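Single-structure report; data block below.
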Amino acid sequence: MNEQINLPINDNLPLGATKLSNDDLEGLIPDYITKRGDLDEFEKTNITKAITWLRKKNFIYDEILTIGFVFELHKYMFNKTWTWAGQLRKRMVNIGNTPTELIQIRIKNVLDNVKYWVENKTYPIDEICIRLHHELVWIHPFPNGNGRFSRIICDELRRSLGGTYFTWGNTNGNLINPTESRKAYIEALRLADSRNYSRLLEFALSVK
Ligand SMILES: Nc1ncnc2c1ncn2[C@@H]1O[C@H](COP(=O)(O)OP(=O)(O)OP(=O)(O)O)[C@@H](O)[C@H]1O
Ligand SMILES: [Mg+2]
């Protein structure tokens, strides 16, 4: 396990990406992987399997908006890649400042709020989905994969409410590479940090 500690996996991280700690890296299952690009590809295959599982299950919105689903989805997305898939982070990160002991209760609050918004039509459906996405990346529940997990749960909620997956600037949610779309996405998230969701919503719906 020790040789994994010096892997160059944190080199050239794209804008807004969370650095993996040495402890997190100890949970890497395919231990022959040393490069970020190879890790991205491996994770992509893992995530594709999770999407196949989602398609089969066709969850309804109040099944999606549960803490059990949150853990299960992250686990399905990363269970071949990380031993800690589906488990909460145990260290602080530089997004959101949520203390580790409050992560679970904050997620629960968000899910309850979103359920209330859906049932009472508090906001338009697309805005509800985008708020869910932002709230979850802000809490940053897991050591890694928070962006991809939070985009998929947001897309799944939208599907369960009669829509399709967002296009996320024509990337279909694949925003891990340092492209113009990634830049636009991170800038929109930063605006959403101050509770202005318009640019994030516009970005999620955009196809260029
Ligand atoms: N200012 C911000 N406010 C809210 N969320 C943010 C902000 N900056 C970055 N993020 C989110 O954090 C994610 C990075 O966290 P993490 O590395 O855990 O996720 P990931 O799925 O591995 O994402 P990625 O590979 O895209 O970096 C970004 O994809 C983005 O969704
Ligand atoms: Mg990451």
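Residues in the structure tokens are numbered from 1 in each chain, the chains being A, B, ... in the order shown, and ligands are numbered from 1 in the order shown.
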Output as a Markdown table one row per residue of chain A within 8 Å of ligand 1: the closest atom pair and its distance in Å to one decimal place, counting only C-alpha atoms and all ligand atoms, sorted by chain and residue number ascending.
```
| residue | atom | partner | partner_atom_place_in_ligand_line | distance |
| --- | --- | --- | --- | --- |
| A:Leu13 | CA | ligand 1 | 27 (O) | 7.7 |
| A:Pro14 | CA | ligand 1 | 27 (O) | 6.6 |
| A:Leu15 | CA | ligand 1 | 27 (O) | 7.5 |
| A:Gly16 | CA | ligand 1 | 9 (C) | 4.1 |
| A:Ala17 | CA | ligand 1 | 27 (O) | 3.5 |
| A:Thr18 | CA | ligand 1 | 17 (O) | 4.0 |
| A:Lys19 | CA | ligand 1 | 17 (O) | 6.8 |
| A:Leu20 | CA | ligand 1 | 17 (O) | 7.9 |
| A:Asp40 | CA | ligand 1 | 25 (O) | 7.8 |
| A:Ile95 | CA | ligand 1 | 2 (C) | 6.1 |
| A:Gly96 | CA | ligand 1 | 3 (N) | 7.1 |
| A:His134 | CA | ligand 1 | 4 (C) | 6.0 |
| A:Glu135 | CA | ligand 1 | 4 (C) | 7.8 |
| A:Val137 | CA | ligand 1 | 5 (N) | 4.7 |
| A:Trp138 | CA | ligand 1 | 4 (C) | 4.8 |
| A:His140 | CA | ligand 1 | 18 (O) | 6.6 |
| A:Phe142 | CA | ligand 1 | 18 (O) | 6.5 |
| A:Pro143 | CA | ligand 1 | 18 (O) | 6.0 |
| A:Asn144 | CA | ligand 1 | 18 (O) | 3.5 |
| A:Gly145 | CA | ligand 1 | 21 (O) | 3.2 |
| A:Asn146 | CA | ligand 1 | 18 (O) | 3.8 |
| A:Gly147 | CA | ligand 1 | 31 (O) | 3.5 |
| A:Arg148 | CA | ligand 1 | 21 (O) | 3.8 |
| A:Phe149 | CA | ligand 1 | 21 (O) | 6.2 |
| A:Ser150 | CA | ligand 1 | 31 (O) | 7.2 |
| A:Arg151 | CA | ligand 1 | 31 (O) | 7.6 |
| A:Asn174 | CA | ligand 1 | 26 (O) | 7.8 |
| A:Leu175 | CA | ligand 1 | 26 (O) | 5.5 |
| A:Ile176 | CA | ligand 1 | 26 (O) | 4.1 |
| A:Asn177 | CA | ligand 1 | 26 (O) | 7.5 |
| A:Tyr185 | CA | ligand 1 | 30 (C) | 7.9 |
| A:Ile186 | CA | ligand 1 | 8 (N) | 5.6 |
| A:Glu187 | CA | ligand 1 | 1 (N) | 7.6 |
| A:Leu189 | CA | ligand 1 | 3 (N) | 4.8 |
| A:Arg190 | CA | ligand 1 | 1 (N) | 4.2 |
| A:Leu191 | CA | ligand 1 | 1 (N) | 7.9 |
| A:Ala192 | CA | ligand 1 | 3 (N) | 7.0 |
| A:Asp193 | CA | ligand 1 | 3 (N) | 5.5 |
```
If you keep C-alpha atoms, can you produce a file of those selected residues as a CSV table (one decimal), in the first residue's frame?
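Generated output (result_34.csv):
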```
chain,number,residue,atom,x,y,z
A,13,LEU,CA,-6.0,18.7,-11.3
A,14,PRO,CA,-8.8,20.5,-13.3
A,15,LEU,CA,-10.3,23.7,-11.9
A,16,GLY,CA,-12.4,23.1,-8.8
A,17,ALA,CA,-11.4,19.4,-8.3
A,18,THR,CA,-10.8,18.1,-4.8
A,19,LYS,CA,-7.3,16.7,-4.1
A,20,LEU,CA,-7.2,13.1,-2.9
A,40,ASP,CA,-10.7,8.8,-14.8
A,95,ILE,CA,-15.6,23.5,-0.3
A,96,GLY,CA,-18.5,24.3,2.0
A,134,HIS,CA,-25.5,22.6,-5.6
A,135,GLU,CA,-26.5,21.7,-2.0
A,137,VAL,CA,-21.6,19.5,-3.8
A,138,TRP,CA,-21.5,22.2,-1.1
A,140,HIS,CA,-19.2,17.4,-0.3
A,142,PHE,CA,-17.6,11.8,0.1
A,143,PRO,CA,-13.8,11.8,-0.3
A,144,ASN,CA,-14.1,12.1,-4.1
A,145,GLY,CA,-16.7,11.8,-6.8
A,146,ASN,CA,-18.9,14.5,-5.3
A,147,GLY,CA,-19.4,16.4,-8.5
A,148,ARG,CA,-20.2,13.3,-10.6
A,149,PHE,CA,-22.5,11.8,-7.9
A,150,SER,CA,-24.4,15.1,-7.4
A,151,ARG,CA,-24.9,15.6,-11.1
A,174,ASN,CA,-18.7,14.4,-18.1
A,175,LEU,CA,-17.1,17.5,-16.8
A,176,ILE,CA,-13.9,16.1,-15.4
A,177,ASN,CA,-11.6,17.4,-18.1
A,185,TYR,CA,-19.5,25.0,-14.8
A,186,ILE,CA,-17.2,26.0,-11.9
A,187,GLU,CA,-17.9,29.7,-12.3
A,189,LEU,CA,-21.2,26.9,-9.1
A,190,ARG,CA,-19.4,29.8,-7.4
A,191,LEU,CA,-22.3,32.1,-8.2
A,192,ALA,CA,-24.6,29.5,-6.8
A,193,ASP,CA,-22.5,29.6,-3.6
```
ask   = With only C-alpha atoms as the atoms that count, which of A:Val110, A:Ile105, A:Arg89, A:Phe166 lies nearest to Ser21 of chain A?
value = A:Arg89
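Between atom CA of Lys49 of chain A and atom CA of Trp82 of chain A the separation is 14.7 Å.
Nearest-residue note for Ile128 of chain A: choosing from A:Leu157, A:Leu102, A:Ile60, A:Leu39, the minimum distance belongs to A:Leu157, counting only C-alpha atoms.
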note = In terms of only C-alpha atoms, the residue from A:Ala50, A:Ile107, A:Ile139, A:Met77 at minimal distance from Leu65 of chain A is A:Ile107
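With distances restricted to only C-alpha atoms, A:Gln87 is the closest residue to Gly27 of chain A from A:Ser206, A:Gln87, A:Thr98, A:Asn196.
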ask   = Excluding same-chain residues fewer than 4 positions from Ile125 of chain A, what lies within 9 Å of it counting only C-alpha atoms, as a ChimeraX atom specification?
value = /A:117-118,121,129-130,158,161,163
Serialized selection, N, CA and C atoms, as a JSON list (two decimals), in the first residue's frame:
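Final file, again-v3.json:
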```
[["chain", "number", "residue", "atom", "x", "y", "z"],
["A", 117, "TRP", "N", -40.23, 20.83, -1.60],
["A", 117, "TRP", "CA", -40.33, 21.72, -2.77],
["A", 117, "TRP", "C", -41.04, 21.03, -3.93],
["A", 118, "VAL", "N", -40.72, 19.73, -4.12],
["A", 118, "VAL", "CA", -41.36, 18.97, -5.20],
["A", 118, "VAL", "C", -42.86, 18.89, -4.94],
["A", 121, "LYS", "N", -44.51, 22.34, -5.10],
["A", 121, "LYS", "CA", -44.17, 23.13, -6.30],
["A", 121, "LYS", "C", -43.59, 24.50, -5.91],
["A", 129, "CYS", "N", -34.02, 20.72, -9.08],
["A", 129, "CYS", "CA", -32.94, 19.76, -9.36],
["A", 129, "CYS", "C", -31.57, 20.42, -9.22],
["A", 130, "ILE", "N", -31.47, 21.64, -9.72],
["A", 130, "ILE", "CA", -30.19, 22.37, -9.65],
["A", 130, "ILE", "C", -29.85, 22.74, -8.21],
["A", 158, "ARG", "N", -34.62, 14.72, -11.95],
["A", 158, "ARG", "CA", -35.31, 15.35, -13.09],
["A", 158, "ARG", "C", -36.03, 14.28, -13.92],
["A", 161, "LEU", "N", -39.18, 13.08, -12.39],
["A", 161, "LEU", "CA", -40.27, 14.05, -12.40],
["A", 161, "LEU", "C", -40.76, 14.33, -13.82],
["A", 163, "GLY", "N", -38.79, 14.54, -16.73],
["A", 163, "GLY", "CA", -37.86, 15.18, -17.67],
["A", 163, "GLY", "C", -36.80, 14.21, -18.18]]
```
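For the atom pair formed by atom CA of Arg131 of chain A and atom CA of Tyr197 of chain A, the distance is 7.3 Å, given to one decimal.
For Gly169 of chain A, the residues within 10 Å (counting only C-alpha atoms, excluding itself and residues fewer than 3 positions away along the chain) are Phe166, Asn172, Gly173, Asn174, Leu175, Glu180, Ser181, Arg182, Ala184, Tyr185, Glu202, Phe203, Ala204, Leu205, Ser206, Val207 and Lys208 of chain A.
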Take the residues just selected and output them with C-alpha atoms as a PDB file, in the first residue's frame.
```pdb
ATOM      1  CA  PHE A 166     -29.502  17.720 -18.183  1.00  0.00           C
ATOM      2  CA  ASN A 172     -23.745  14.953 -20.537  1.00  0.00           C
ATOM      3  CA  GLY A 173     -22.256  15.400 -17.095  1.00  0.00           C
ATOM      4  CA  ASN A 174     -18.723  14.381 -18.090  1.00  0.00           C
ATOM      5  CA  LEU A 175     -17.064  17.527 -16.792  1.00  0.00           C
ATOM      6  CA  GLU A 180     -14.236  25.594 -21.402  1.00  0.00           C
ATOM      7  CA  SER A 181     -17.383  23.812 -20.190  1.00  0.00           C
ATOM      8  CA  ARG A 182     -15.649  22.857 -16.966  1.00  0.00           C
ATOM      9  CA  ALA A 184     -18.190  27.711 -17.116  1.00  0.00           C
ATOM     10  CA  TYR A 185     -19.545  25.048 -14.754  1.00  0.00           C
ATOM     11  CA  GLU A 202     -28.590  27.947 -17.736  1.00  0.00           C
ATOM     12  CA  PHE A 203     -25.380  25.915 -17.941  1.00  0.00           C
ATOM     13  CA  ALA A 204     -27.097  22.595 -17.097  1.00  0.00           C
ATOM     14  CA  LEU A 205     -29.617  23.221 -19.898  1.00  0.00           C
ATOM     15  CA  SER A 206     -27.069  24.423 -22.466  1.00  0.00           C
ATOM     16  CA  VAL A 207     -25.899  22.271 -25.383  1.00  0.00           C
ATOM     17  CA  LYS A 208     -22.782  24.097 -26.537  1.00  0.00           C
TER      18      LYS A 208
END
```
task = Name all residues at most 8 Å from Gly86 of chain A (count only C-alpha atoms; drop same-chain ones fewer than 5 positions away) and give them as a list in words.
result = Val70, Phe71, Glu72, Leu73, His74, Lys75, Tyr76, Phe78, Asn79 and Phe142 of chain A
request  = Identify, with DSSP run on backbone atoms, the residues in segment 59-181 of chain A assigned to helix (DSSP H, G or I), and express the list as a PyMOL selection string.
outcome  = chain A and resi 61-64+67-78+100-120+125-139+146-160+180-181
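The residue that comes closest to Glu41 of chain A, out of A:Thr81, A:Leu25, A:Asn113, A:Arg159 and on the basis of only C-alpha atoms, is A:Thr81.
The interatomic distance for the pair atom CA of Phe69 of chain A and atom CA of Lys90 of chain A works out to 19.9 Å.
Between Asn97 of chain A and the residues A:Pro124, A:Pro141, A:Gly162, A:Gly37, the shortest atom-to-atom distance, using only C-alpha atoms, involves A:Pro141.
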